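Asker: Sharing data.pdb below, PDB, C-alpha atoms:
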```
ATOM      1  CA  MET A 230       1.321 -27.044   3.272
ATOM      2  CA  ASN A 231      -2.433 -27.510   3.566
ATOM      3  CA  THR A 232      -3.481 -28.583   0.060
ATOM      4  CA  LYS A 233      -7.136 -27.848   0.800
ATOM      5  CA  LEU A 234      -6.205 -24.256   1.476
ATOM      6  CA  SER A 235      -3.969 -24.054  -1.577
ATOM      7  CA  LYS A 236      -6.934 -24.752  -3.871
ATOM      8  CA  THR A 237      -8.443 -21.358  -2.932
ATOM      9  CA  VAL A 238      -5.207 -19.408  -3.345
ATOM     10  CA  SER A 239      -3.955 -17.328  -6.261
ATOM     11  CA  ILE A 240      -0.400 -15.990  -6.281
ATOM     12  CA  VAL A 241       0.045 -12.732  -8.191
ATOM     13  CA  ILE A 242       3.574 -11.651  -9.104
ATOM     14  CA  PRO A 243       4.226  -8.376 -10.951
ATOM     15  CA  ALA A 244       7.438  -8.718 -12.953
ATOM     16  CA  ARG A 245       9.458  -6.403 -15.121
ATOM     17  CA  ASN A 246      12.728  -7.865 -16.399
ATOM     18  CA  GLU A 247      12.935 -10.367 -13.533
ATOM     19  CA  ALA A 248      13.841 -13.523 -15.480
ATOM     20  CA  ALA A 249      16.961 -14.134 -13.344
ATOM     21  CA  SER A 250      14.945 -14.502 -10.140
ATOM     22  CA  LEU A 251      11.872 -16.201 -11.632
ATOM     23  CA  ILE A 252      14.017 -19.176 -12.659
ATOM     24  CA  ASP A 253      14.163 -20.281  -9.010
ATOM     25  CA  LEU A 254      11.050 -18.623  -7.601
ATOM     26  CA  LEU A 255       8.422 -20.209  -9.852
ATOM     27  CA  PRO A 256       9.471 -23.861  -9.281
ATOM     28  CA  SER A 257       9.644 -23.262  -5.517
ATOM     29  CA  LEU A 258       6.117 -21.834  -5.502
ATOM     30  CA  LYS A 259       4.763 -24.766  -7.508
ATOM     31  CA  GLN A 260       6.367 -27.178  -5.089
ATOM     32  CA  LEU A 261       5.021 -25.336  -2.046
ATOM     33  CA  LEU A 262       1.472 -24.822  -3.365
ATOM     34  CA  PRO A 263       1.034 -27.324  -6.203
ATOM     35  CA  GLU A 264      -2.675 -26.626  -6.699
ATOM     36  CA  ALA A 265      -2.548 -22.854  -6.315
ATOM     37  CA  GLU A 266      -3.074 -20.552  -9.289
ATOM     38  CA  ILE A 267       0.098 -18.612 -10.131
ATOM     39  CA  ILE A 268      -0.197 -15.475 -12.247
ATOM     40  CA  VAL A 269       2.805 -13.483 -13.427
ATOM     41  CA  VAL A 270       1.971 -10.042 -14.765
ATOM     42  CA  ASN A 271       4.731  -9.395 -17.294
ATOM     43  CA  ASP A 272       4.892  -5.601 -17.210
ATOM     44  CA  GLY A 273       6.595  -4.799 -20.491
ATOM     45  CA  SER A 274       9.708  -6.938 -19.870
ATOM     46  CA  THR A 275      12.429  -6.993 -22.502
ATOM     47  CA  ASP A 276      14.295 -10.019 -21.090
ATOM     48  CA  ASP A 277      13.278 -13.704 -20.884
ATOM     49  CA  THR A 278      10.546 -13.208 -18.266
ATOM     50  CA  TYR A 279       7.811 -14.525 -20.546
ATOM     51  CA  ALA A 280       9.912 -17.483 -21.730
ATOM     52  CA  ILE A 281      10.624 -18.525 -18.132
ATOM     53  CA  CYS A 282       6.914 -18.404 -17.319
ATOM     54  CA  GLU A 283       6.090 -20.472 -20.410
ATOM     55  CA  LYS A 284       8.707 -23.051 -19.481
ATOM     56  CA  ASN A 285       7.127 -23.451 -16.036
ATOM     57  CA  SER A 286       3.554 -23.497 -17.419
ATOM     58  CA  ILE A 287       2.665 -20.322 -15.535
ATOM     59  CA  ARG A 288      -0.324 -18.198 -16.486
ATOM     60  CA  THR A 289       0.998 -14.879 -17.783
ATOM     61  CA  ILE A 290      -0.606 -11.500 -18.380
ATOM     62  CA  ASN A 291       1.552  -9.573 -20.835
ATOM     63  CA  ASN A 292       1.512  -5.784 -20.867
ATOM     64  CA  PRO A 293       2.874  -4.332 -24.127
ATOM     65  CA  TYR A 294       4.790  -1.725 -22.120
ATOM     66  CA  GLY A 295       5.549  -0.974 -18.467
ATOM     67  CA  LYS A 296       2.391   0.339 -16.824
ATOM     68  CA  GLY A 297       3.673   0.312 -13.254
ATOM     69  CA  ASN A 298       3.678  -2.018 -10.274
ATOM     70  CA  GLY A 299       0.221  -0.950  -9.113
ATOM     71  CA  ALA A 300      -1.272  -1.446 -12.561
ATOM     72  CA  ALA A 301       0.220  -4.953 -12.674
ATOM     73  CA  ILE A 302      -1.211  -5.735  -9.243
ATOM     74  CA  LYS A 303      -4.670  -4.586 -10.337
ATOM     75  CA  ALA A 304      -4.540  -6.674 -13.504
ATOM     76  CA  GLY A 305      -3.458  -9.745 -11.567
ATOM     77  CA  ALA A 306      -6.076  -9.313  -8.833
ATOM     78  CA  ASP A 307      -8.822  -8.845 -11.395
ATOM     79  CA  ALA A 308      -7.760 -12.008 -13.262
ATOM     80  CA  ALA A 309      -7.252 -14.175 -10.155
ATOM     81  CA  SER A 310      -9.832 -16.854  -9.400
ATOM     82  CA  GLY A 311      -8.828 -17.759  -5.836
ATOM     83  CA  GLU A 312     -10.692 -16.533  -2.785
ATOM     84  CA  THR A 313      -7.327 -15.564  -1.301
ATOM     85  CA  ILE A 314      -4.528 -13.745  -3.116
ATOM     86  CA  ILE A 315      -0.844 -13.751  -2.242
ATOM     87  CA  PHE A 316       1.032 -10.768  -3.644
ATOM     88  CA  MET A 317       4.814 -10.962  -3.802
ATOM     89  CA  ASP A 318       7.670  -9.337  -5.696
ATOM     90  CA  ALA A 319       9.627 -11.163  -8.369
ATOM     91  CA  ASP A 320      13.099  -9.808  -7.596
ATOM     92  CA  GLY A 321      14.128 -12.522  -5.134
ATOM     93  CA  GLN A 322      13.653 -10.519  -1.940
ATOM     94  CA  HIS A 323      10.369 -12.236  -1.066
ATOM     95  CA  GLN A 324      10.898 -15.894  -0.256
ATOM     96  CA  ALA A 325       8.428 -18.709  -0.817
ATOM     97  CA  LYS A 326       9.229 -20.239   2.578
ATOM     98  CA  ASP A 327       7.479 -17.318   4.338
ATOM     99  CA  ILE A 328       4.138 -18.000   2.645
ATOM    100  CA  GLU A 329       3.189 -20.724   5.106
ATOM    101  CA  ALA A 330       3.501 -18.338   8.073
ATOM    102  CA  LEU A 331       1.516 -15.638   6.256
ATOM    103  CA  LEU A 332      -1.299 -18.042   5.398
ATOM    104  CA  ALA A 333      -1.356 -19.468   8.931
ATOM    105  CA  LYS A 334      -1.820 -15.980  10.373
ATOM    106  CA  TYR A 335      -4.401 -15.106   7.718
ATOM    107  CA  ASN A 336      -6.338 -18.262   8.572
ATOM    108  CA  GLU A 337      -6.864 -16.948  12.112
ATOM    109  CA  GLY A 338      -9.590 -14.706  10.729
ATOM    110  CA  TYR A 339      -7.800 -11.703   9.215
ATOM    111  CA  HIS A 340      -8.747 -10.033   5.945
ATOM    112  CA  MET A 341      -5.162  -9.067   5.127
ATOM    113  CA  ILE A 342      -1.767 -10.149   6.450
ATOM    114  CA  VAL A 343       1.314  -8.088   5.612
ATOM    115  CA  GLY A 344       4.848  -9.470   5.614
ATOM    116  CA  ALA A 345       6.666  -7.036   7.902
ATOM    117  CA  ARG A 346      10.364  -6.429   7.317
ATOM    118  CA  ASP A 347      12.828  -5.573  10.076
ATOM    119  CA  PHE A 348      15.808  -3.245   9.834
ATOM    120  CA  LYS A 349      17.866  -5.924   8.076
ATOM    121  CA  GLY A 350      15.141  -6.233   5.467
ATOM    122  CA  GLN A 351      15.633  -2.654   4.267
ATOM    123  CA  THR A 352      17.881  -2.090   1.290
ATOM    124  CA  SER A 353      19.558   0.999   2.799
ATOM    125  CA  ILE A 354      19.597   3.164   5.917
ATOM    126  CA  LEU A 355      17.854   5.969   4.010
ATOM    127  CA  ARG A 356      15.029   3.667   2.964
ATOM    128  CA  TRP A 357      14.677   2.425   6.545
ATOM    129  CA  ILE A 358      14.386   6.021   7.786
ATOM    130  CA  ALA A 359      11.843   6.828   5.076
ATOM    131  CA  ASN A 360       9.757   3.719   5.822
ATOM    132  CA  THR A 361       9.871   4.492   9.555
ATOM    133  CA  ILE A 362       8.433   7.950   8.841
ATOM    134  CA  TYR A 363       5.754   6.485   6.552
ATOM    135  CA  ASN A 364       4.782   3.931   9.209
ATOM    136  CA  TRP A 365       4.522   6.619  11.891
ATOM    137  CA  LEU A 366       2.446   9.001   9.773
ATOM    138  CA  SER A 367       0.051   6.310   8.572
ATOM    139  CA  SER A 368      -0.316   4.907  12.105
ATOM    140  CA  TRP A 369      -1.321   8.389  13.281
ATOM    141  CA  VAL A 370      -3.900   8.702  10.517
ATOM    142  CA  VAL A 371      -5.569   5.324  11.056
ATOM    143  CA  ASN A 372      -5.116   5.042  14.856
ATOM    144  CA  HIS A 373      -3.585   1.596  14.468
ATOM    145  CA  LYS A 374       0.029   0.461  14.648
ATOM    146  CA  ILE A 375       1.312  -0.094  11.122
ATOM    147  CA  LEU A 376       4.521  -2.133  11.146
ATOM    148  CA  ASP A 377       5.324  -2.031   7.423
ATOM    149  CA  LEU A 378       3.282   0.260   5.203
ATOM    150  CA  THR A 379       5.142  -0.349   1.939
ATOM    151  CA  SER A 380       5.696  -4.115   1.990
ATOM    152  CA  GLY A 381       4.500  -5.767  -1.215
ATOM    153  CA  PHE A 382       4.430  -9.253   0.335
ATOM    154  CA  ARG A 383       0.903  -9.801   1.621
ATOM    155  CA  VAL A 384      -2.083 -12.127   1.734
ATOM    156  CA  VAL A 385      -5.531 -10.624   1.143
ATOM    157  CA  ASN A 386      -9.159 -11.555   0.816
ATOM    158  CA  ARG A 387      -9.755 -11.103  -2.915
ATOM    159  CA  LYS A 388     -13.377  -9.952  -2.621
ATOM    160  CA  LYS A 389     -12.489  -7.207  -0.153
ATOM    161  CA  PHE A 390      -9.354  -6.220  -2.090
ATOM    162  CA  LEU A 391     -11.407  -5.658  -5.245
ATOM    163  CA  GLU A 392     -13.624  -3.168  -3.386
ATOM    164  CA  PHE A 393     -10.737  -0.691  -3.448
ATOM    165  CA  LEU A 394      -9.290  -1.495  -6.864
ATOM    166  CA  HIS A 395     -10.418   1.871  -8.247
ATOM    167  CA  LEU A 396      -8.465   3.713  -5.519
ATOM    168  CA  LEU A 397      -5.122   2.028  -6.201
ATOM    169  CA  PRO A 398      -2.461   4.050  -8.079
ATOM    170  CA  ASN A 399      -0.555   2.534 -10.983
ATOM    171  CA  GLY A 400       2.839   3.150  -9.370
ATOM    172  CA  PHE A 401       4.651   1.621  -6.400
ATOM    173  CA  SER A 402       2.401   3.026  -3.669
ATOM    174  CA  TYR A 403      -0.439   0.516  -3.947
ATOM    175  CA  PRO A 404       0.499  -1.099  -0.564
ATOM    176  CA  THR A 405       0.054   2.282   1.143
ATOM    177  CA  THR A 406      -3.402   2.819  -0.300
ATOM    178  CA  ILE A 407      -4.737  -0.694   0.258
ATOM    179  CA  THR A 408      -3.465  -0.894   3.844
ATOM    180  CA  MET A 409      -5.094   2.371   4.884
ATOM    181  CA  SER A 410      -8.259   1.542   2.947
ATOM    182  CA  PHE A 411      -8.644  -1.785   4.775
ATOM    183  CA  PHE A 412      -8.278  -0.040   8.122
ATOM    184  CA  ARG A 413     -10.847   2.626   7.146
ATOM    185  CA  ALA A 414     -13.379  -0.013   6.110
ATOM    186  CA  GLY A 415     -12.964  -1.780   9.440
ATOM    187  CA  TYR A 416     -11.349  -4.891   7.993
ATOM    188  CA  SER A 417      -8.839  -6.879  10.037
ATOM    189  CA  VAL A 418      -5.163  -6.291   9.176
ATOM    190  CA  GLY A 419      -2.322  -8.258  10.751
ATOM    191  CA  TYR A 420       1.426  -8.582  10.399
ATOM    192  CA  THR A 421       3.883 -11.459  10.267
ATOM    193  CA  PRO A 422       7.672 -11.012  10.327
ATOM    194  CA  ILE A 423       9.414 -12.068   7.132
ATOM    195  CA  THR A 424      13.010 -12.523   6.093
ATOM    196  CA  THR A 425      13.990 -10.733   2.920
ATOM    197  CA  GLY A 426      16.652 -12.115   0.632
ATOM    198  CA  SER A 427      19.128 -10.211  -1.469
ATOM    199  CA  ARG A 428      17.999  -8.966  -4.837
ATOM    200  CA  VAL A 429      18.980 -11.484  -7.487
ATOM    201  CA  LYS A 430      21.974 -10.436  -9.562
ATOM    202  CA  GLY A 431      20.772  -8.742 -12.696
ATOM    203  CA  SER A 432      17.595  -7.507 -11.025
ATOM    204  CA  THR A 433      17.421  -3.763 -10.430
ATOM    205  CA  SER A 434      15.050  -1.721  -8.305
ATOM    206  CA  HIS A 435      12.473   0.314 -10.177
ATOM    207  CA  ILE A 436      11.867   2.554  -7.157
ATOM    208  CA  SER A 437      13.554   5.931  -6.761
ATOM    209  CA  LEU A 438      13.900   6.825  -3.079
ATOM    210  CA  PHE A 439      13.450  10.557  -3.608
ATOM    211  CA  ARG A 440      10.959  10.581  -6.488
ATOM    212  CA  ASP A 441       8.763   7.772  -5.174
ATOM    213  CA  GLY A 442       9.386   8.848  -1.573
ATOM    214  CA  ALA A 443       7.676  12.161  -2.292
ATOM    215  CA  ARG A 444       4.856  10.256  -3.968
ATOM    216  CA  PHE A 445       4.466   8.025  -0.911
ATOM    217  CA  LEU A 446       4.069  11.086   1.307
ATOM    218  CA  ILE A 447       1.486  12.545  -1.060
ATOM    219  CA  ILE A 448      -0.348   9.215  -1.096
ATOM    220  CA  ILE A 449      -0.370   9.073   2.712
ATOM    221  CA  PHE A 450      -1.946  12.522   2.971
ATOM    222  CA  LYS A 451      -4.248  11.846   0.037
ATOM    223  CA  VAL A 452      -5.489   8.608   1.559
ATOM    224  CA  GLY A 453      -5.476  10.311   4.950
ATOM    225  CA  ILE A 454      -8.009  12.793   3.609
ATOM    226  CA  LEU A 455     -10.041   9.908   2.170
ATOM    227  CA  TYR A 456      -9.629   7.941   5.389
ATOM    228  CA  SER A 457     -10.230  10.534   8.128
ATOM    229  CA  PRO A 458     -10.510  14.058   6.699
ATOM    230  CA  LEU A 459     -10.850  15.815  10.053
ATOM    231  CA  LYS A 460      -7.435  14.509  11.096
ATOM    232  CA  ILE A 461      -5.976  16.511   8.219
ATOM    233  CA  PHE A 462      -8.350  19.489   8.046
ATOM    234  CA  LEU A 463      -8.716  20.120  11.800
ATOM    235  CA  PRO A 464      -5.014  20.881  12.482
ATOM    236  CA  ILE A 465      -4.906  23.168   9.424
ATOM    237  CA  SER A 466      -8.080  24.914  10.605
ATOM    238  CA  LEU A 467      -6.615  25.295  14.090
ATOM    239  CA  LEU A 468      -3.399  26.793  12.718
ATOM    240  CA  HIS A 469      -5.373  29.448  10.827
ATOM    241  CA  PHE A 470      -7.448  30.173  13.920
ATOM    242  CA  LEU A 471      -4.360  30.562  16.126
ATOM    243  CA  ALA A 472      -2.695  32.721  13.467
ATOM    244  CA  GLY A 473      -5.794  34.928  13.467
ATOM    245  CA  ILE A 474      -5.669  35.285  17.263
ATOM    246  CA  GLY A 475      -1.946  35.996  17.176
ATOM    247  CA  LEU A 476      -2.304  38.652  14.489
ATOM    248  CA  TYR A 477      -5.246  40.236  16.291
ATOM    249  CA  ALA A 478      -3.291  40.386  19.580
ATOM    250  CA  TYR A 479      -0.334  41.953  17.790
ATOM    251  CA  THR A 480      -2.298  44.608  15.875
ATOM    252  CA  TYR A 481      -4.478  45.462  18.870
ATOM    253  CA  ALA A 482      -1.488  45.814  21.189
ATOM    254  CA  ASN A 483       0.499  47.968  18.731
ATOM    255  CA  PHE A 484      -2.165  49.824  16.750
ATOM    256  CA  GLY A 485      -5.336  49.397  18.792
ATOM    257  CA  ARG A 486      -7.340  47.914  15.930
ATOM    258  CA  PHE A 487      -8.690  44.684  14.426
ATOM    259  CA  THR A 488      -7.358  44.083  10.889
ATOM    260  CA  ASN A 489      -9.045  42.559   7.850
ATOM    261  CA  MET A 490      -6.312  39.901   7.737
ATOM    262  CA  SER A 491      -7.410  38.602  11.128
ATOM    263  CA  VAL A 492     -10.974  38.364   9.855
ATOM    264  CA  LEU A 493      -9.743  36.478   6.785
ATOM    265  CA  LEU A 494      -7.790  33.999   8.923
ATOM    266  CA  PHE A 495     -10.778  33.376  11.214
ATOM    267  CA  THR A 496     -13.110  32.919   8.232
ATOM    268  CA  THR A 497     -10.674  30.588   6.487
ATOM    269  CA  SER A 498     -10.366  28.549   9.669
ATOM    270  CA  ILE A 499     -14.142  28.049   9.813
ATOM    271  CA  LEU A 500     -14.360  27.145   6.115
ATOM    272  CA  ILE A 501     -11.565  24.550   6.363
ATOM    273  CA  PHE A 502     -13.248  22.982   9.388
ATOM    274  CA  LEU A 503     -16.607  22.788   7.598
ATOM    275  CA  ILE A 504     -14.988  21.226   4.505
ATOM    276  CA  GLY A 505     -13.387  18.613   6.739
ATOM    277  CA  LEU A 506     -16.721  17.938   8.451
ATOM    278  CA  ILE A 507     -18.513  17.412   5.131
ATOM    279  CA  SER A 508     -15.647  15.233   3.842
ATOM    280  CA  GLU A 509     -15.927  13.100   6.968
ATOM    281  CA  GLN A 510     -19.545  12.329   6.134
ATOM    282  CA  ILE A 511     -18.675  11.492   2.523
ATOM    283  CA  THR A 512     -15.951   9.023   3.533
ATOM    284  CA  THR A 513     -18.460   7.186   5.701
ATOM    285  CA  LEU A 514     -20.382   6.367   2.517
ATOM    286  CA  ILE A 515     -17.280   5.606   0.430
ATOM    287  CA  TYR A 516     -15.885   3.076   2.894
ATOM    288  CA  ARG A 517     -19.130   1.435   3.860
ATOM    289  CA  PRO A 518     -18.391  -2.332   3.682
ATOM    290  CA  ASN A 519     -20.193  -4.215   0.917
ATOM    291  CA  LYS A 520     -22.520  -6.892   2.193
TER     292      LYS A 520
END
```
Once more with this new file: its structure as structure tokens, please.
Answerer:
Amino acid sequence: MNTKLSKTVSIVIPARNEAASLIDLLPSLKQLLPEAEIIVVNDGSTDDTYAICEKNSIRTINNPYGKGNGAAIKAGADAASGETIIFMDADGQHQAKDIEALLAKYNEGYHMIVGARDFKGQTSILRWIANTIYNWLSSWVVNHKILDLTSGFRVVNRKKFLEFLHLLPNGFSYPTTITMSFFRAGYSVGYTPITTGSRVKGSTSHISLFRDGARFLIIIFKVGILYSPLKIFLPISLLHFLAGIGLYAYTYANFGRFTNMSVLLFTTSILIFLIGLISEQITTLIYRPNK
């Protein structure tokens, strides 16, 4: 590993009751990047997570209770001193050996590199289906191919990441928000295939497929409105307009008149379009890159 590069790197690891996997992960990271800053955000763990970090002389941010994966990521990013941040999970699925490939790709001139999982990297067929839907929807919103929207293994430019810190949720959907935000700001996002290991015995997932899946969909549409409002508002406006035409055709053909409901649908269609148009101008200011 390039030691010159490692001096500018911080590794941020959110951890909640992940002592079993940190035993092996932390020494492997120190061996791979001996001069890199490693920060473990101990998110209200009740096991030996803190003790393992102390034993390995790892900088630790201790939350008194579980605030969420996104909150831990924000705390770690804010505390990091490196120009480049590597985010990775602590449950054993993200492997230190993939960092070199991520950094090599990042060093080509990207602002963020995401570790993209394949089908084998998904924990279940349902999660693969859900992630496929998320990737398709987000790709449609941003007009760029998104290979893995929800991967937490990524390398980012710290300065640019901090620009969007206030937009990131405290839960598990921070990767969704930051990926789409980088695309909206015109920053370069790339992908590198990674191999995911099995979750270390004793480590349990804190993500609920159905509960957090619904949240992911809400986040996609929420960020979609922040990202490109007309892509969301225009189809809704068009549906109201077509409904108005359909209702007018029906009432005129059967009763020979133009109903108030048709007028309401046409008016609503215009209002939704105008809201989307104004929102589009606002997002231009929100996502204007900082110089």
Asker: Interatomic distance between atom CA of Tyr279 of chain A and atom CA of Ala248 of chain A?
Answerer: 7.9 Å
Asker: What does the distance between atom CA of Asn372 of chain A and atom CA of Pro398 of chain A come to in Å, to one decimal place?
Answerer: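 Computing the Euclidean distance for atom CA of Asn372 of chain A and atom CA of Pro398 of chain A yields 23.1 Å.
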Asker: Any idea what the distance is between atom CA of Glu509 of chain A and atom CA of Tyr339 of chain A?
Answerer: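 Distance reported for this atom pair: 26.2 Å.
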Asker: Considering all atoms listed in the file, state which residue in the set A:Asn399, A:Thr421, A:Thr405, A:Thr480 is at the smallest distance from Ala333 of chain A.
Answerer: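 Ranking A:Asn399, A:Thr421, A:Thr405, A:Thr480 by distance to Ala333 of chain A, first place goes to A:Thr421.
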Asker: Measuring between all atoms listed in the file, which one of A:Thr278, A:Gln324, A:Ser310, A:Thr424 shows the shortest distance to Leu261 of chain A?
Answerer: A:Gln324
Asker: Could you tell me, as a list of chain:residue names, exactly which residues end up selected when the PyMOL selection byres ((chain A and resi 371) around 8) is applied to this structure?
Answerer: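 Selection result, ordered by chain and number: A:Ser367, A:Ser368, A:Trp369, A:Val370, A:Asn372, A:His373, A:Met409, A:Phe412, A:Arg413, A:Gly453, A:Tyr456, A:Ser457.
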Asker: Could you turn the residues from that selection into a file that holds C-alpha atoms, as a short mmCIF file (atom, residue, chain, number, x, y, z; two decimals), in the frame of the given file?
Answerer:
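To be explicit, this is the file written out as again_34.cif:
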```
data_model
loop_
_atom_site.label_atom_id
_atom_site.label_comp_id
_atom_site.auth_asym_id
_atom_site.auth_seq_id
_atom_site.Cartn_x
_atom_site.Cartn_y
_atom_site.Cartn_z
CA SER A 367 0.05 6.31 8.57
CA SER A 368 -0.32 4.91 12.10
CA TRP A 369 -1.32 8.39 13.28
CA VAL A 370 -3.90 8.70 10.52
CA ASN A 372 -5.12 5.04 14.86
CA HIS A 373 -3.58 1.60 14.47
CA MET A 409 -5.09 2.37 4.88
CA PHE A 412 -8.28 -0.04 8.12
CA ARG A 413 -10.85 2.63 7.15
CA GLY A 453 -5.48 10.31 4.95
CA TYR A 456 -9.63 7.94 5.39
CA SER A 457 -10.23 10.53 8.13
#
```
Asker: Find, counting only C-alpha atoms, the residue in A:Leu366, A:Ala482, A:Ile454, A:Leu500 that gets nearest to Leu467 of chain A.
Answerer: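 Nearest to Leu467 of chain A: A:Leu500.
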Asker: Measuring atom to atom with all atoms listed in the file, identify which of A:Ala325, A:Leu455, A:Ala359, A:Leu391 is nearest to Ala308 of chain A.
Answerer: A:Leu391
